[in-house]
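What follows is one structure encoded as structure tokens, with my remarks underneath.
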Amino acid sequence: MKRKQLASFLLSLLLAASLVSCGGNGRAGETTAAKSGSESQSGESSKPGEESGKSDAAEQNASSNEKDYAALLEKARGSELSFYGWGGDERLNNWLDGYFSDRLKEKYDIRLKRVGMDIETILSQLSGEVGSGKKDGSIDMIWINGENFKTAKEGKLLYGPFAEELPNFKSYIDSDDRETSYDFGFPIEGYEAPYGKAQLILYNDSAVTPETPKNTEELLAFAKKYKGKVSYPALPDFTGSAFVRNIIYDICGYEQFQNMPEDKETVRKAVEPAMEYLRSLNPYLWNEGKSFPDKEPTMKNMFADGELVMGMSYGAFSVATNIEDGSFPESTRSFQFEKGTIGNTNYIAIAENSQHKEAAEVAINEMMSPEVQAERYKTLRTIPVVDYQKLNAEEKQLFDSVDVGKGVLSQEELLSKRLPEMPAGLVPIIEEIWAEEVPGK
Amino acid sequence: MRKAFLILLSLLILLPLFSLFFWVFTERWPWPNILPKDFSERALKSTIARAGELGNVFFTSILLSLLASFFSVLIAVLSGRALAFYDFPGKRLISSLMLLPFLVPSTVFSMGAQILFLKTALYSSIPGVLLCHILYSLPYANILLNEGTRALGEGLEEQARVLGAGPVRAFFSVSLPNLFPLLLSAFTMAYVISISQYFMTLLIGGGRVKTFSVVMVPYLQSGERNFAALYALIFLLVTTLVFFIFEGIARACTGGRRAELFSDY
């Protein structure tokens, strides 16, 4: 008797398995396009009367673009769009799964599926798919920038150019901004569209440490005073790497790097004074600079637990959200070096073998709209990518009404001291040099 | 004496688990506070808001791992018999090949398998992930059952045949019940291996096959300690629950005799 029970249990498992494998594919047919909304949208997305003094040819061009976009919207309808990117930011995850996903569903009948993954894994998966000639890739949109963008674009893993054709890009993105055409000094050429802006800030707790070091010299004095309680994430961590580049800028200036050849010895010579400084800092750091926190989240937790008295972040307003979450004490405040801190933009690209390129373009266009950017600014405190000067009064109001919270620097102050990124190719070289010359020396 | 040692050992395991419980409700826990001072229900609220999604994730995870362990045990029982009772060319080669997944790190395997799977329909599908899980839980089941089958020997089965039982009946009435405790250990082991696969599931599943590990690990990596603690607790609870159910089923199948998990056969 018992044998039969076991056998029937196993049999039911087998049955369940076959059901699951069928269920995975059965979803594609579910959607029925809700066509009623489409007319109103195509009117909404183009901004009338923006630049009046255009030639006939340009106007014709513009109207054909509008048509193109309307066709895009039609094709995008009913797609399931995957968005791959780092999934460790709970606020961002909730925002994407909630607000943004709902918005895409309602306005365009696009279902957004967010997949949280490290960029290295994403690119390894993508290159695997593209390399094996897979046409219906599983990756549609990718959150990307810097060296990774360079790798992906050079490896022909990305679709494009597409960004400059999007209506919101034309209407709201500042084409004079260097970050619109260069990502870490690498030409974008329409292969990715701006998503959010980041800028390095330093932070400490005013109740514990009254000083805010304005330059590397003061930082050294600060580290001496709070011996063993200052550190930065070990490179190649994204934030640690940016911090070291910022130290290099403070000591060696930033101009000389913008056109520097990607040659290790040239770079080594140029950054030597900064490496010398970092070595002189070592004896006063946490664990005497023999080891460093492995990544930014570790450092952040060490600061939260009082093991460190200073930290740094690429999220310009992250101190405010951390105070609101209760991770940081209320008296935490952000500060910057006098000469400024590095800022960069992060972008969204489309995979070369994406099946839903149209839906991806529509979603990216939506991401660049003032309402969405203002919503991001409000809930995530990301510096917006839209150009404030290009907004109308109503749209400006959306941004003006946002309370960025406690312990942050104002957006004007941040942007006035914003330094350009190192060229993408130099970043890994500097990371190697740091690993050879700083820890434990 | 032995009892005192056991109590100490279980305390050593259980006490750190209590800190997990506290971490669910706080964002920071500075030294020298014995208990955290600031409490926050952020992790709890956010996770409750995602309860439905998490339910699906658990369903996929558990089903996937149950299937992976079922097939591992099935293969291991059959191959165990073949290796113990039969002689055939290449026997030693096959028996050592079976342990190969122990030697090749799953990350290395996954990256190769990904490229291979991309050319087939297996990529980013549950059957594809299942296949890989089986491959990696199989050696554990194999080791246990190979040894067990060899130790049990053919004698009892032969006796049953002498007494008139057919080969099928001899296997099901004599060998299988005697192997049962090992079967259960092998099943549990395979289940644990399968449910904790992260990188492999992520890569072969293309991010679309969402198991619990795939959802949890990003929180660990991003230092969201309260989320990580909460997920770890849920993981523990669910896994313990699943084990209890295993044991219940096993009890029912064997009529209560010799069905403890990890019995020292």
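Within each chain, counting starts at residue 1; across the structure tokens, chains are named A, B, ... in the order shown, with ligands numbered 1 upward in that order.
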Would you give me, as JSON lines, each residue of chain B having an atom within 6 Å of an atom of chain A, along with its shortest atom pair and that distance in Å to one decimal, using only C-alpha atoms and sorting by chain and residue number?
{"residue": "B:Glu27", "atom": "CA", "partner": "A:Ser327", "partner_atom": "CA", "distance": 4.9}
{"residue": "B:Arg28", "atom": "CA", "partner": "A:Asp305", "partner_atom": "CA", "distance": 5.6}
{"residue": "B:Trp29", "atom": "CA", "partner": "A:Asp305", "partner_atom": "CA", "distance": 5.5}
{"residue": "B:Pro30", "atom": "CA", "partner": "A:Asp305", "partner_atom": "CA", "distance": 3.9}
{"residue": "B:Ile115", "atom": "CA", "partner": "A:Gly128", "partner_atom": "CA", "distance": 5.6}
{"residue": "B:Gly207", "atom": "CA", "partner": "A:Val115", "partner_atom": "CA", "distance": 6.0}
{"residue": "B:Pro218", "atom": "CA", "partner": "A:Gly88", "partner_atom": "CA", "distance": 5.2}
{"residue": "B:Tyr219", "atom": "CA", "partner": "A:Gly88", "partner_atom": "CA", "distance": 5.7}
{"residue": "B:Ser222", "atom": "CA", "partner": "A:Gly88", "partner_atom": "CA", "distance": 5.0}
{"residue": "B:Gly223", "atom": "CA", "partner": "A:Pro297", "partner_atom": "CA", "distance": 4.9}
{"residue": "B:Cys253", "atom": "CA", "partner": "A:Lys2", "partner_atom": "CA", "distance": 4.6}
Practice prompt. Considering only C-alpha atoms, return as an MDAnalysis selection string whatever protein or nucleic-acid residues lie within 8 Å of stretch 58-61 of chain B, sequence-local ones (same chain, fewer than 6 positions apart) excluded.
Written response: chainID B and resid 195 210:212
Atoms to include: C-alpha atoms. Write the selected residues as a tab-separated table (two decimals), in the first residue's frame.
chain	number	residue	atom	x	y	z
B	195	ILE	CA	18.06	25.04	-3.83
B	210	LYS	CA	13.62	33.14	-10.58
B	211	THR	CA	14.48	30.95	-7.65
B	212	PHE	CA	14.84	32.07	-4.09
Practice prompt. Give the answer as one residue: which of A:Ala349, A:Phe186, A:Pro370, A:Val267 has the shortest atom-to-atom distance to A:Gln389, using only C-alpha atoms?
Written response: A:Pro370
Worksheet item: stretch 58-102 of chain B: which residues are alpha helix (DSSP H) by DSSP, as an MDAnalysis selection string?
Response: chainID B and resid 58:85 91:97 100:102
Only N, CA and C atoms, please: the residues just picked out, written as a short mmCIF file (atom, residue, chain, number, x, y, z; two decimals), in the first residue's frame.
data_model
loop_
_atom_site.label_atom_id
_atom_site.label_comp_id
_atom_site.auth_asym_id
_atom_site.auth_seq_id
_atom_site.Cartn_x
_atom_site.Cartn_y
_atom_site.Cartn_z
N PHE B 58 8.94 31.00 -4.50
CA PHE B 58 9.11 29.82 -3.67
C PHE B 58 8.55 28.58 -4.35
N PHE B 59 7.40 28.74 -4.98
CA PHE B 59 6.80 27.62 -5.66
C PHE B 59 7.78 27.08 -6.72
N THR B 60 8.31 27.98 -7.55
CA THR B 60 9.27 27.56 -8.58
C THR B 60 10.48 26.90 -7.94
N SER B 61 11.04 27.54 -6.92
CA SER B 61 12.25 27.05 -6.27
C SER B 61 12.06 25.64 -5.74
N ILE B 62 11.00 25.46 -4.98
CA ILE B 62 10.81 24.19 -4.29
C ILE B 62 10.53 23.08 -5.31
N LEU B 63 9.67 23.39 -6.26
CA LEU B 63 9.33 22.40 -7.27
C LEU B 63 10.58 21.99 -8.05
N LEU B 64 11.34 23.00 -8.45
CA LEU B 64 12.56 22.76 -9.22
C LEU B 64 13.51 21.86 -8.44
N SER B 65 13.70 22.19 -7.17
CA SER B 65 14.65 21.42 -6.37
C SER B 65 14.13 20.03 -6.06
N LEU B 66 12.82 19.91 -5.84
CA LEU B 66 12.25 18.57 -5.61
C LEU B 66 12.48 17.70 -6.83
N LEU B 67 12.21 18.27 -7.99
CA LEU B 67 12.40 17.51 -9.22
C LEU B 67 13.86 17.14 -9.41
N ALA B 68 14.74 18.12 -9.18
CA ALA B 68 16.17 17.86 -9.36
C ALA B 68 16.60 16.74 -8.44
N SER B 69 16.14 16.76 -7.18
CA SER B 69 16.59 15.71 -6.26
C SER B 69 15.93 14.38 -6.60
N PHE B 70 14.68 14.42 -7.05
CA PHE B 70 14.02 13.17 -7.45
C PHE B 70 14.81 12.49 -8.57
N PHE B 71 15.12 13.26 -9.61
CA PHE B 71 15.84 12.66 -10.74
C PHE B 71 17.25 12.22 -10.34
N SER B 72 17.90 13.01 -9.49
CA SER B 72 19.23 12.62 -9.04
C SER B 72 19.18 11.28 -8.33
N VAL B 73 18.20 11.14 -7.43
CA VAL B 73 18.11 9.90 -6.66
C VAL B 73 17.77 8.73 -7.59
N LEU B 74 16.86 8.98 -8.51
CA LEU B 74 16.48 7.93 -9.45
C LEU B 74 17.69 7.43 -10.23
N ILE B 75 18.44 8.39 -10.78
CA ILE B 75 19.62 8.01 -11.55
C ILE B 75 20.64 7.32 -10.65
N ALA B 76 20.79 7.85 -9.43
CA ALA B 76 21.80 7.30 -8.54
C ALA B 76 21.46 5.87 -8.12
N VAL B 77 20.18 5.58 -7.89
CA VAL B 77 19.79 4.22 -7.50
C VAL B 77 20.14 3.25 -8.62
N LEU B 78 19.76 3.63 -9.85
CA LEU B 78 19.99 2.73 -10.98
C LEU B 78 21.48 2.56 -11.25
N SER B 79 22.21 3.70 -11.26
CA SER B 79 23.64 3.58 -11.56
C SER B 79 24.37 2.88 -10.42
N GLY B 80 23.86 3.07 -9.19
CA GLY B 80 24.46 2.39 -8.04
C GLY B 80 24.39 0.88 -8.22
N ARG B 81 23.22 0.40 -8.66
CA ARG B 81 23.06 -1.04 -8.91
C ARG B 81 24.00 -1.51 -10.01
N ALA B 82 24.02 -0.74 -11.08
CA ALA B 82 24.86 -1.14 -12.21
C ALA B 82 26.31 -1.26 -11.78
N LEU B 83 26.77 -0.28 -11.00
CA LEU B 83 28.18 -0.28 -10.62
C LEU B 83 28.49 -1.35 -9.58
N ALA B 84 27.50 -1.65 -8.74
CA ALA B 84 27.78 -2.61 -7.66
C ALA B 84 27.66 -4.05 -8.14
N PHE B 85 26.70 -4.34 -9.03
CA PHE B 85 26.39 -5.73 -9.32
C PHE B 85 26.82 -6.22 -10.70
N LYS B 91 33.71 0.50 -16.77
CA LYS B 91 33.02 0.69 -15.50
C LYS B 91 33.73 1.71 -14.59
N ARG B 92 35.05 1.53 -14.51
CA ARG B 92 35.80 2.44 -13.62
C ARG B 92 35.80 3.86 -14.16
N LEU B 93 35.88 3.97 -15.48
CA LEU B 93 35.86 5.30 -16.10
C LEU B 93 34.54 6.00 -15.78
N ILE B 94 33.45 5.26 -15.98
CA ILE B 94 32.13 5.85 -15.73
C ILE B 94 31.99 6.23 -14.27
N SER B 95 32.47 5.35 -13.39
CA SER B 95 32.31 5.65 -11.98
C SER B 95 33.11 6.89 -11.58
N SER B 96 34.26 7.12 -12.23
CA SER B 96 34.99 8.35 -11.87
C SER B 96 34.41 9.57 -12.59
N LEU B 97 33.88 9.36 -13.79
CA LEU B 97 33.25 10.49 -14.50
C LEU B 97 32.06 11.05 -13.71
N LEU B 100 32.80 13.92 -11.61
CA LEU B 100 33.40 15.07 -12.27
C LEU B 100 32.83 16.42 -11.81
N PRO B 101 31.50 16.52 -11.65
CA PRO B 101 30.97 17.81 -11.22
C PRO B 101 31.56 18.32 -9.90
N PHE B 102 32.13 17.40 -9.09
CA PHE B 102 32.82 17.86 -7.88
C PHE B 102 34.06 18.66 -8.23
#
Fill in: B:Thr188 surroundings by only C-alpha atoms, 12 Å radius, close-in-sequence under 3 positions cut, as a PyMOL selection string
chain B and resi 65-70+72-73+137-138+140-141+144+181-185+191-195+239-240+242-247+250+260-263
